[in-house]
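Listing of work.txt; format and content: compact mmCIF, C-alpha atoms (C1' of nucleotides).
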# COMPACT_ATOMS: atom_id res chain seq x y z
CA MET C 22 42.71 12.76 17.39
CA SER C 23 41.68 16.30 18.36
CA THR C 24 44.15 18.98 19.38
CA LYS C 25 45.97 19.02 22.66
CA LEU C 26 44.80 21.41 25.34
CA PRO C 27 47.11 24.41 25.76
CA THR C 28 49.74 23.91 28.46
CA ASP C 29 48.41 26.83 30.51
CA GLU C 30 44.93 25.37 30.66
CA VAL C 31 46.29 22.01 31.78
CA LYS C 32 48.37 23.67 34.47
CA GLY C 33 45.29 25.48 35.69
CA LEU C 34 43.35 22.23 35.95
CA LEU C 35 46.12 20.69 38.02
CA ARG C 36 46.34 23.66 40.35
CA ASP C 37 42.55 23.72 40.75
CA ARG C 38 42.80 20.19 42.17
CA GLY C 39 45.63 21.15 44.49
CA LEU C 40 48.12 19.12 42.51
CA ARG C 41 51.64 20.24 41.79
CA VAL C 42 52.36 21.12 38.22
CA THR C 43 54.96 18.70 36.92
CA GLN C 44 56.24 17.86 33.46
CA SER C 45 54.83 14.35 33.63
CA ARG C 46 51.34 15.44 34.64
CA VAL C 47 51.13 18.15 32.02
CA ALA C 48 52.38 15.82 29.30
CA VAL C 49 50.02 12.97 30.21
CA LEU C 50 47.01 15.26 30.47
CA ARG C 51 47.75 16.88 27.12
CA VAL C 52 48.07 13.53 25.36
CA LEU C 53 44.85 12.28 26.98
CA SER C 54 43.01 15.46 26.08
CA ALA C 55 43.98 15.06 22.44
CA SER C 56 42.93 11.42 22.12
CA ASP C 57 39.50 10.45 20.85
CA HIS C 58 39.60 7.01 22.45
CA ALA C 59 40.67 5.37 25.69
CA VAL C 60 44.46 5.24 25.94
CA SER C 61 46.48 2.55 27.65
CA HIS C 62 49.69 3.18 29.55
CA THR C 63 51.76 1.58 26.79
CA GLU C 64 50.07 3.72 24.14
CA LEU C 65 50.65 6.82 26.23
CA VAL C 66 54.35 6.09 26.52
CA GLU C 67 54.54 5.53 22.76
CA LEU C 68 52.64 8.74 22.02
CA GLN C 69 55.02 10.71 24.22
CA GLY C 70 58.06 9.20 22.57
CA GLU C 71 61.54 10.35 23.53
CA ASP C 72 60.46 13.23 25.79
CA GLY C 73 58.22 10.94 27.81
CA CYS C 74 58.89 10.29 31.47
CA ASP C 75 59.82 6.99 33.05
CA ALA C 76 57.21 4.24 32.70
CA SER C 77 56.69 3.93 36.45
CA THR C 78 56.24 7.67 36.69
CA THR C 79 53.59 7.53 34.00
CA PHE C 80 51.78 4.82 35.96
CA ARG C 81 51.90 6.91 39.10
CA THR C 82 50.84 10.02 37.22
CA LEU C 83 47.81 8.23 35.79
CA LYS C 84 46.85 7.02 39.26
CA THR C 85 47.16 10.53 40.62
CA LEU C 86 45.08 11.99 37.80
CA VAL C 87 42.36 9.38 38.34
CA GLU C 88 42.28 10.20 42.06
CA ALA C 89 41.99 13.88 41.18
CA LYS C 90 39.19 13.02 38.72
CA LEU C 91 41.09 14.55 35.83
CA ALA C 92 41.19 11.12 34.24
CA ALA C 93 39.12 7.95 34.48
CA VAL C 94 39.67 4.27 33.81
CA VAL C 95 37.02 3.27 31.30
CA SER C 96 38.27 -0.24 30.60
CA LYS C 97 40.22 -2.91 32.46
CA VAL C 98 40.21 -5.63 29.86
CA ASP C 99 42.94 -8.26 29.67
CA GLY C 100 44.83 -6.59 32.47
CA ILE C 101 45.25 -3.37 30.55
CA ASP C 102 43.77 -0.24 32.07
CA ARG C 103 42.67 2.38 29.55
CA TYR C 104 42.27 6.02 30.48
CA VAL C 105 40.34 9.02 29.23
CA PHE C 106 40.64 12.70 30.07
CA THR C 107 37.69 13.86 32.15
CA LYS C 108 37.48 17.61 32.08
CA THR C 109 33.76 17.54 32.68
CA VAL C 110 31.45 15.05 34.38
CA GLU C 111 30.04 14.01 31.01
CA ASP C 112 33.53 12.96 30.01
CA ARG C 113 33.55 10.28 32.69
CA HIS C 114 32.30 7.73 30.21
CA GLU C 115 29.56 6.36 32.40
CA HIS C 116 28.12 4.46 29.49
CA ALA C 117 28.86 1.09 27.97
CA HIS C 118 32.07 0.28 26.14
CA PHE C 119 32.75 -2.35 23.56
CA VAL C 120 36.06 -4.19 23.47
CA CYS C 121 36.88 -5.72 20.12
CA ASP C 122 38.55 -9.13 20.35
CA THR C 123 39.93 -8.67 16.85
CA CYS C 124 41.36 -5.14 16.75
CA ASP C 125 41.66 -4.69 20.56
CA GLU C 126 40.13 -1.20 20.33
CA VAL C 127 37.93 0.02 23.18
CA LEU C 128 34.96 1.84 21.66
CA CYS C 129 32.16 3.83 23.19
CA LEU C 130 28.81 2.32 22.36
CA PRO C 131 26.79 4.83 20.36
CA GLU C 132 23.77 4.68 22.61
CA SER C 133 23.17 3.90 26.21
CA VAL C 134 23.16 0.18 26.81
CA VAL C 135 20.98 -0.30 29.82
CA PRO C 136 20.91 -3.70 31.45
CA ALA C 137 17.34 -4.84 31.98
CA VAL C 138 17.11 -5.67 35.64
CA GLN C 139 13.97 -5.21 37.71
CA PRO C 140 14.35 -2.29 40.11
CA THR C 141 13.09 -4.48 42.97
CA ASP C 142 15.83 -7.02 42.49
CA ARG C 143 18.65 -6.95 45.05
CA TRP C 144 21.00 -6.56 42.11
CA ALA C 145 19.32 -3.33 41.03
CA GLN C 146 21.62 -1.03 42.96
CA SER C 147 24.77 -2.85 41.89
CA VAL C 148 23.81 -3.00 38.26
CA LYS C 149 22.71 0.62 38.16
CA ALA C 150 26.11 1.82 39.33
CA ALA C 151 28.10 -0.73 37.36
CA GLN C 152 30.48 -0.14 34.52
CA VAL C 153 29.08 -2.04 31.54
CA GLN C 154 31.45 -3.68 29.13
CA LEU C 155 30.79 -5.86 26.14
CA ARG C 156 33.34 -7.82 24.21
CA GLY C 157 33.17 -9.45 20.83
CA GLU C 158 33.84 -8.38 17.28
CA CYS C 159 33.21 -4.73 16.43
CA PRO C 160 31.21 -3.73 13.31
CA ASP C 161 34.37 -2.73 11.41
CA CYS C 162 36.02 -6.08 12.02
CA ILE C 163 32.85 -7.96 11.11
CA GLU C 164 32.72 -6.05 7.82
CA THR C 165 36.31 -6.75 6.84
CA SER C 166 36.20 -10.44 7.78
CA MET N 9 30.65 -26.16 45.82
CA SER N 10 28.88 -29.23 44.39
CA THR N 11 30.51 -32.68 44.16
CA LYS N 12 33.15 -33.58 41.66
CA LEU N 13 32.19 -35.68 38.67
CA PRO N 14 33.35 -39.30 38.95
CA THR N 15 36.71 -39.94 37.30
CA ASP N 16 35.22 -42.41 34.83
CA GLU N 17 32.68 -39.89 33.57
CA VAL N 18 35.40 -37.28 33.08
CA LYS N 19 37.55 -39.77 31.20
CA GLY N 20 34.62 -40.57 28.95
CA LEU N 21 34.09 -36.88 28.18
CA LEU N 22 37.73 -36.51 27.18
CA ARG N 23 37.68 -39.59 24.97
CA ASP N 24 34.44 -38.41 23.33
CA ARG N 25 36.32 -35.30 22.20
CA GLY N 26 39.25 -37.33 20.94
CA LEU N 27 41.50 -36.08 23.72
CA ARG N 28 44.02 -38.23 25.52
CA VAL N 29 43.18 -38.98 29.11
CA THR N 30 45.86 -37.42 31.27
CA GLN N 31 46.16 -36.80 34.98
CA SER N 32 46.12 -33.03 34.47
CA ARG N 33 42.99 -33.00 32.30
CA VAL N 34 41.05 -35.27 34.62
CA ALA N 35 42.07 -33.26 37.67
CA VAL N 36 41.23 -29.87 36.12
CA LEU N 37 37.88 -31.05 34.79
CA ARG N 38 36.90 -32.53 38.12
CA VAL N 39 37.76 -29.35 39.98
CA LEU N 40 35.86 -27.24 37.44
CA SER N 41 32.86 -29.56 37.57
CA ALA N 42 32.69 -29.20 41.35
CA SER N 43 32.88 -25.41 41.39
CA ASP N 44 29.77 -23.27 41.49
CA HIS N 45 31.53 -20.19 40.11
CA ALA N 46 34.08 -19.25 37.49
CA VAL N 47 37.54 -20.41 38.53
CA SER N 48 40.80 -18.68 37.68
CA HIS N 49 44.04 -20.48 36.96
CA THR N 50 45.49 -19.45 40.30
CA GLU N 51 42.42 -20.68 42.16
CA LEU N 52 42.60 -23.96 40.27
CA VAL N 53 46.19 -24.51 41.27
CA GLU N 54 45.30 -23.73 44.89
CA LEU N 55 42.30 -26.07 44.84
CA GLN N 56 44.45 -28.88 43.49
CA GLY N 57 47.09 -28.31 46.13
CA GLU N 58 50.09 -30.63 46.36
CA ASP N 59 48.93 -33.15 43.76
CA GLY N 60 48.37 -30.44 41.19
CA CYS N 61 50.38 -30.32 38.01
CA ASP N 62 52.82 -27.66 36.94
CA ALA N 63 51.34 -24.19 36.46
CA SER N 64 52.22 -24.05 32.78
CA THR N 65 50.63 -27.47 32.28
CA THR N 66 47.45 -26.23 33.93
CA PHE N 67 47.40 -23.25 31.56
CA ARG N 68 47.82 -25.53 28.56
CA THR N 69 45.23 -27.94 29.90
CA LEU N 70 42.69 -25.13 30.28
CA LYS N 71 43.36 -23.99 26.73
CA THR N 72 42.90 -27.52 25.43
CA LEU N 73 39.65 -27.95 27.35
CA VAL N 74 38.29 -24.65 26.01
CA GLU N 75 39.16 -25.71 22.46
CA ALA N 76 37.38 -29.02 23.05
CA LYS N 77 34.40 -27.08 24.48
CA LEU N 78 34.63 -28.88 27.78
CA ALA N 79 35.35 -25.54 29.43
CA ALA N 80 34.68 -21.91 28.61
CA VAL N 81 36.19 -18.57 29.55
CA VAL N 82 33.38 -16.55 31.07
CA SER N 83 35.43 -13.61 32.27
CA LYS N 84 38.65 -11.90 31.26
CA VAL N 85 38.70 -9.12 33.79
CA ASP N 86 41.96 -7.54 34.94
CA GLY N 87 43.91 -9.94 32.78
CA ILE N 88 42.64 -12.96 34.68
CA ASP N 89 40.76 -15.56 32.67
CA ARG N 90 38.12 -17.43 34.61
CA TYR N 91 36.82 -20.81 33.50
CA VAL N 92 33.69 -22.88 33.93
CA PHE N 93 32.99 -26.51 33.12
CA THR N 94 30.66 -26.77 30.12
CA LYS N 95 29.19 -30.24 30.00
CA THR N 96 26.14 -28.96 28.16
CA VAL N 97 25.51 -25.97 25.91
CA GLU N 98 23.52 -24.24 28.65
CA ASP N 99 26.64 -24.35 30.79
CA ARG N 100 28.44 -22.04 28.38
CA HIS N 101 27.39 -19.03 30.35
CA GLU N 102 26.15 -16.96 27.47
CA HIS N 103 24.62 -14.45 29.81
CA ALA N 104 25.94 -11.44 31.66
CA HIS N 105 28.43 -11.64 34.49
CA PHE N 106 29.09 -9.23 37.28
CA VAL N 107 32.60 -8.60 38.57
CA CYS N 108 32.75 -7.23 42.07
CA ASP N 109 35.47 -4.63 42.58
CA THR N 110 35.40 -5.28 46.31
CA CYS N 111 35.42 -9.08 46.67
CA ASP N 112 36.75 -9.86 43.16
CA GLU N 113 34.14 -12.58 42.71
CA VAL N 114 32.71 -13.17 39.22
CA LEU N 115 28.99 -13.78 39.60
CA CYS N 116 26.32 -14.81 37.13
CA LEU N 117 23.61 -12.19 36.90
CA PRO N 118 20.31 -13.71 38.01
CA GLU N 119 18.47 -12.72 34.88
CA SER N 120 19.41 -12.03 31.34
CA VAL N 121 20.85 -8.56 30.97
CA VAL N 122 20.04 -7.58 27.44
CA PRO N 123 21.69 -4.48 26.05
CA ALA N 124 19.11 -2.20 24.48
CA VAL N 125 20.39 -1.55 20.99
CA GLN N 126 18.17 -1.03 17.98
CA PRO N 127 18.30 -4.01 15.61
CA THR N 128 18.89 -1.66 12.69
CA ASP N 129 22.00 -0.19 14.20
CA ARG N 130 25.31 -1.32 12.73
CA TRP N 131 26.28 -2.37 16.24
CA ALA N 132 23.34 -4.76 16.49
CA GLN N 133 25.23 -7.82 15.30
CA SER N 134 28.28 -7.12 17.43
CA VAL N 135 26.29 -6.46 20.55
CA LYS N 136 24.07 -9.49 20.06
CA ALA N 137 27.06 -11.83 20.00
CA ALA N 138 29.02 -10.01 22.66
CA GLN N 139 29.97 -11.17 26.10
CA VAL N 140 28.38 -8.77 28.55
CA GLN N 141 30.23 -7.88 31.69
CA LEU N 142 29.41 -5.41 34.43
CA ARG N 143 31.70 -4.31 37.19
CA GLY N 144 30.97 -2.54 40.38
CA GLU N 145 30.06 -3.53 43.90
CA CYS N 146 27.99 -6.68 44.31
CA PRO N 147 24.88 -6.74 46.57
CA ASP N 148 26.71 -8.65 49.33
CA CYS N 149 29.51 -6.09 49.46
CA ILE N 150 27.06 -3.19 49.38
CA GLU N 151 25.22 -4.73 52.36
CA THR N 152 28.34 -5.22 54.47
CA SER N 153 29.78 -1.79 53.73
C1' DG T 2 52.36 -57.62 27.75
C1' DT T 3 55.68 -54.59 25.15
C1' DC T 4 57.02 -51.57 21.57
C1' DG T 5 57.05 -47.30 18.99
C1' DT T 6 55.46 -42.94 18.17
C1' DA T 7 52.94 -38.88 18.77
C1' DT T 8 51.25 -36.20 22.42
C1' DT T 9 51.88 -34.17 27.07
C1' DT T 10 54.31 -32.70 30.84
C1' DG T 11 57.75 -30.26 33.85
C1' DC T 12 61.16 -27.07 34.13
C1' DA T 13 63.34 -22.91 33.08
C1' DA T 14 63.32 -18.73 30.92
C1' DG T 15 60.85 -14.90 29.01
C1' DC T 16 57.08 -11.43 28.33
C1' DT T 17 53.84 -7.69 29.57
C1' DA T 18 51.38 -4.86 32.75
C1' DC T 19 51.97 -3.06 36.85
C1' DT T 20 54.02 -2.01 41.77
C1' DT T 21 57.39 -0.67 45.24
C1' DG T 22 61.62 1.24 47.69
C1' DC T 23 64.74 4.66 47.79
C1' DA T 24 67.90 8.30 46.70
C1' DA T 25 68.07 12.38 43.90
C1' DG T 26 65.76 16.14 41.88
C1' DA T 27 61.85 19.53 41.22
C1' DC T 28 58.11 22.45 42.97
C1' DA T 29 55.92 25.88 45.81
C1' DC T 30 55.58 28.78 49.62
C1' DA T 31 57.76 31.89 52.81
C1' DT M 10 66.81 32.35 47.80
C1' DG M 11 66.16 28.86 51.00
C1' DT M 12 63.62 25.02 52.88
C1' DG M 13 60.60 21.28 53.29
C1' DT M 14 57.69 18.33 50.89
C1' DC M 15 56.25 16.11 46.85
C1' DT M 16 57.66 13.78 42.54
C1' DT M 17 60.69 11.39 39.65
C1' DG M 18 63.99 7.90 37.79
C1' DC M 19 66.08 3.76 38.44
C1' DA M 20 66.22 -0.86 39.77
C1' DA M 21 64.15 -4.73 41.46
C1' DG M 22 60.01 -7.33 42.17
C1' DT M 23 55.17 -9.41 41.35
C1' DA M 24 51.36 -11.74 38.90
C1' DG M 25 49.44 -13.86 34.98
C1' DC M 26 50.54 -15.97 31.11
C1' DT M 27 53.57 -18.03 27.11
C1' DT M 28 57.24 -20.64 24.92
C1' DG M 29 61.15 -24.02 24.02
C1' DC M 30 62.83 -28.23 24.84
C1' DA M 31 64.00 -32.62 26.82
C1' DA M 32 61.89 -36.27 29.44
C1' DA M 33 57.74 -38.76 30.52
C1' DT M 34 53.34 -40.63 29.27
C1' DA M 35 49.25 -42.42 26.65
C1' DC M 36 47.60 -45.52 23.52
C1' DG M 37 47.23 -48.17 19.13
C1' DA M 38 49.70 -51.94 16.83
C1' DC M 39 51.71 -56.12 17.37
Mind turning this structure into structure tokens?
Amino acid sequence: MSTKLPTDEVKGLLRDRGLRVTQSRVAVLRVLSASDHAVSHTELVELQGEDGCDASTTFRTLKTLVEAKLAAVVSKVDGIDRYVFTKTVEDRHEHAHFVCDTCDEVLCLPESVVPAVQPTDRWAQSVKAAQVQLRGECPDCIETS
Amino acid sequence: MSTKLPTDEVKGLLRDRGLRVTQSRVAVLRVLSASDHAVSHTELVELQGEDGCDASTTFRTLKTLVEAKLAAVVSKVDGIDRYVFTKTVEDRHEHAHFVCDTCDEVLCLPESVVPAVQPTDRWAQSVKAAQVQLRGECPDCIETS
DNA sequence: GTCGTATTTGCAAGCTACTTGCAAGACACA
DNA sequence: TGTGTCTTGCAAGTAGCTTGCAAATACGAC
């Protein structure tokens, strides 16, 4: 967990995208910016605690932030969307993720996992642009089992 | 959509696994055996129509069949489990699947998509055993868009 | 065939993730 | 500061899935 972005910087980011600066947006962005892994809606609400906004508002805020490209959905496993803060293009997590069936964590794979499909194949275009996700047991869980 | 397995063959498969032969199990297995793609619970209920069993029974039946290795979950995208009939080991779909964001279909990738991870990496074991899933826009949807 | 018991089923209720409608409140621009 | 538009909170609703429990069913023993 790194440190949260300063409120002023977050406000600037929102304004740059033509979005209104609201309590909910600032709070969500700051929590996302401080997290070192993909955060689910539930987690976000927990992290915000008492001062958090309504759950439906948080859902709408996340949607808005994704549309504005300030956040991205990097995982949609088991019906739970997980979000990351995307200040820069590199933050958009366009690499493979690993979902652990044991600890439920969504982890970034340490190196690019490139599906081996022939470029002539009609699938080539689809696969190239696809979000790659693997699920199984992560190294930590294998070790402790 | 291929043809359903004969009722007697399905009954035999159930008995081989020490499972009781029930209307629900026979019906679900026959529908799965006739489908050329991964079927969700909702789809199964629709395919069975009027004579289908209760939704909760169908859920329990699917779970039982997976435990008995007569079916397998090949996709868990968006919180929707999708099942295939696994008469033989090859049917277990231990290859990559592609989930189309446009048509929602879960498709088998035509050739093995092998993630490129060094065998020395601590991730090697996890990745080797993992279920690989890609999501994006399938070739058909790209063509028609 | 029929009996008894363990397994299954159907129904109802509940859970989580997420969506929607609407009135009230907050933001931003003049 | 006022005004119009956007956002929020609340409540209700949806989909996928689970659970508890009483009634129904499968199947081996007789």
Within 9 Å of chain N: each chain M residue with its shortest pair, all atoms listed in the file, as CSV:
residue,atom,partner,partner_atom,distance
M:DG25,C1',N:Ile88,CA,6.9
M:DC26,C1',N:Phe67,CA,7.9
M:DT27,C1',N:Ser64,CA,8.4
M:DT34,C1',N:Thr30,CA,8.4
M:DA35,C1',N:Arg28,CA,6.8
M:DC36,C1',N:Arg28,CA,8.4
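Between atom CA of Lys19 of chain N and atom C1' of DG37 of chain M lies a distance of 17.6 Å.
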Counting all atoms listed in the file, which residues in chain T sit no more than 9 Å from chain C? For each one, give the nearest pair of atoms and the distance in Å, sorted by chain then residue number, as a tab-separated table.
residue	atom	partner	partner_atom	distance
T:DA18	C1'	C:Ile101	CA	6.7
T:DC19	C1'	C:Phe80	CA	7.9
T:DT20	C1'	C:Ser77	CA	8.4
T:DA27	C1'	C:Thr43	CA	8.2
T:DC28	C1'	C:Arg41	CA	6.9
T:DA29	C1'	C:Arg41	CA	8.1
Show me a table, sorted first by chain and then by increasing residue number, of the residues of chain C having an atom at most 10 Å from chain N, each with its shortest atom pair and the distance in Å to one decimal, counting all atoms listed in the file and written as CSV.
residue,atom,partner,partner_atom,distance
C:Ser96,CA,N:Asp86,CA,9.3
C:Lys97,CA,N:Asp86,CA,5.5
C:Val98,CA,N:Val85,CA,5.5
C:Asp99,CA,N:Gly87,CA,3.7
C:Gly100,CA,N:Gly87,CA,3.5
C:Ile101,CA,N:Asp86,CA,6.9
C:Asp102,CA,N:Asp86,CA,8.1
C:Ala117,CA,N:Leu142,CA,9.2
C:Phe119,CA,N:Val135,CA,8.2
C:Val120,CA,N:Ala138,CA,9.2
C:Cys121,CA,N:Ser134,CA,9.1
C:Asp122,CA,N:Ala138,CA,9.8
C:Leu130,CA,N:Trp131,CA,8.1
C:Pro131,CA,N:Trp131,CA,8.3
C:Glu132,CA,N:Val125,CA,7.3
C:Ser133,CA,N:Ala124,CA,7.5
C:Val134,CA,N:Pro123,CA,4.9
C:Val135,CA,N:Pro123,CA,5.7
C:Pro136,CA,N:Val121,CA,4.9
C:Ala137,CA,N:Val121,CA,5.2
C:Val138,CA,N:Val121,CA,6.6
C:Gln139,CA,N:Glu119,CA,9.2
C:Asp142,CA,N:Pro118,CA,9.2
C:Arg143,CA,N:Pro147,CA,6.4
C:Trp144,CA,N:Pro147,CA,5.9
C:Ala145,CA,N:Pro147,CA,8.6
C:Gln146,CA,N:Pro147,CA,7.5
C:Ser147,CA,N:Cys146,CA,5.6
C:Val148,CA,N:Leu142,CA,7.2
C:Lys149,CA,N:Gly144,CA,9.1
C:Ala150,CA,N:Gly144,CA,6.6
C:Ala151,CA,N:Gly144,CA,4.5
C:Gln152,CA,N:Arg143,CA,5.1
C:Val153,CA,N:Leu142,CA,4.5
C:Gln154,CA,N:Gln141,CA,5.1
C:Leu155,CA,N:Val140,CA,4.5
C:Arg156,CA,N:Ala138,CA,5.1
C:Gly157,CA,N:Ala138,CA,4.6
C:Glu158,CA,N:Ser134,CA,5.7
C:Cys159,CA,N:Ser134,CA,5.6
C:Pro160,CA,N:Trp131,CA,5.9
C:Asp161,CA,N:Arg130,CA,9.3
C:Cys162,CA,N:Ser134,CA,9.5
C:Ile163,CA,N:Ser134,CA,7.8
If we count all atoms listed in the file and set the cut-off at 10 Å, which residues sit around His45 of chain N, ignoring sequence neighbours fewer than 2 positions away in its own chain? Please answer as a PyMOL selection string. chain N and resi 9+40-43+47-48+82+90-93+113-116
Could you jot down the atom C1' of DG11 of chain T to atom CA of Thr65 of chain N separation for me, Å, one decimal place? 7.8 Å
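For the atom pair formed by atom CA of Ala92 of chain C and atom CA of Leu50 of chain C, the distance is 8.1 Å, given to one decimal.
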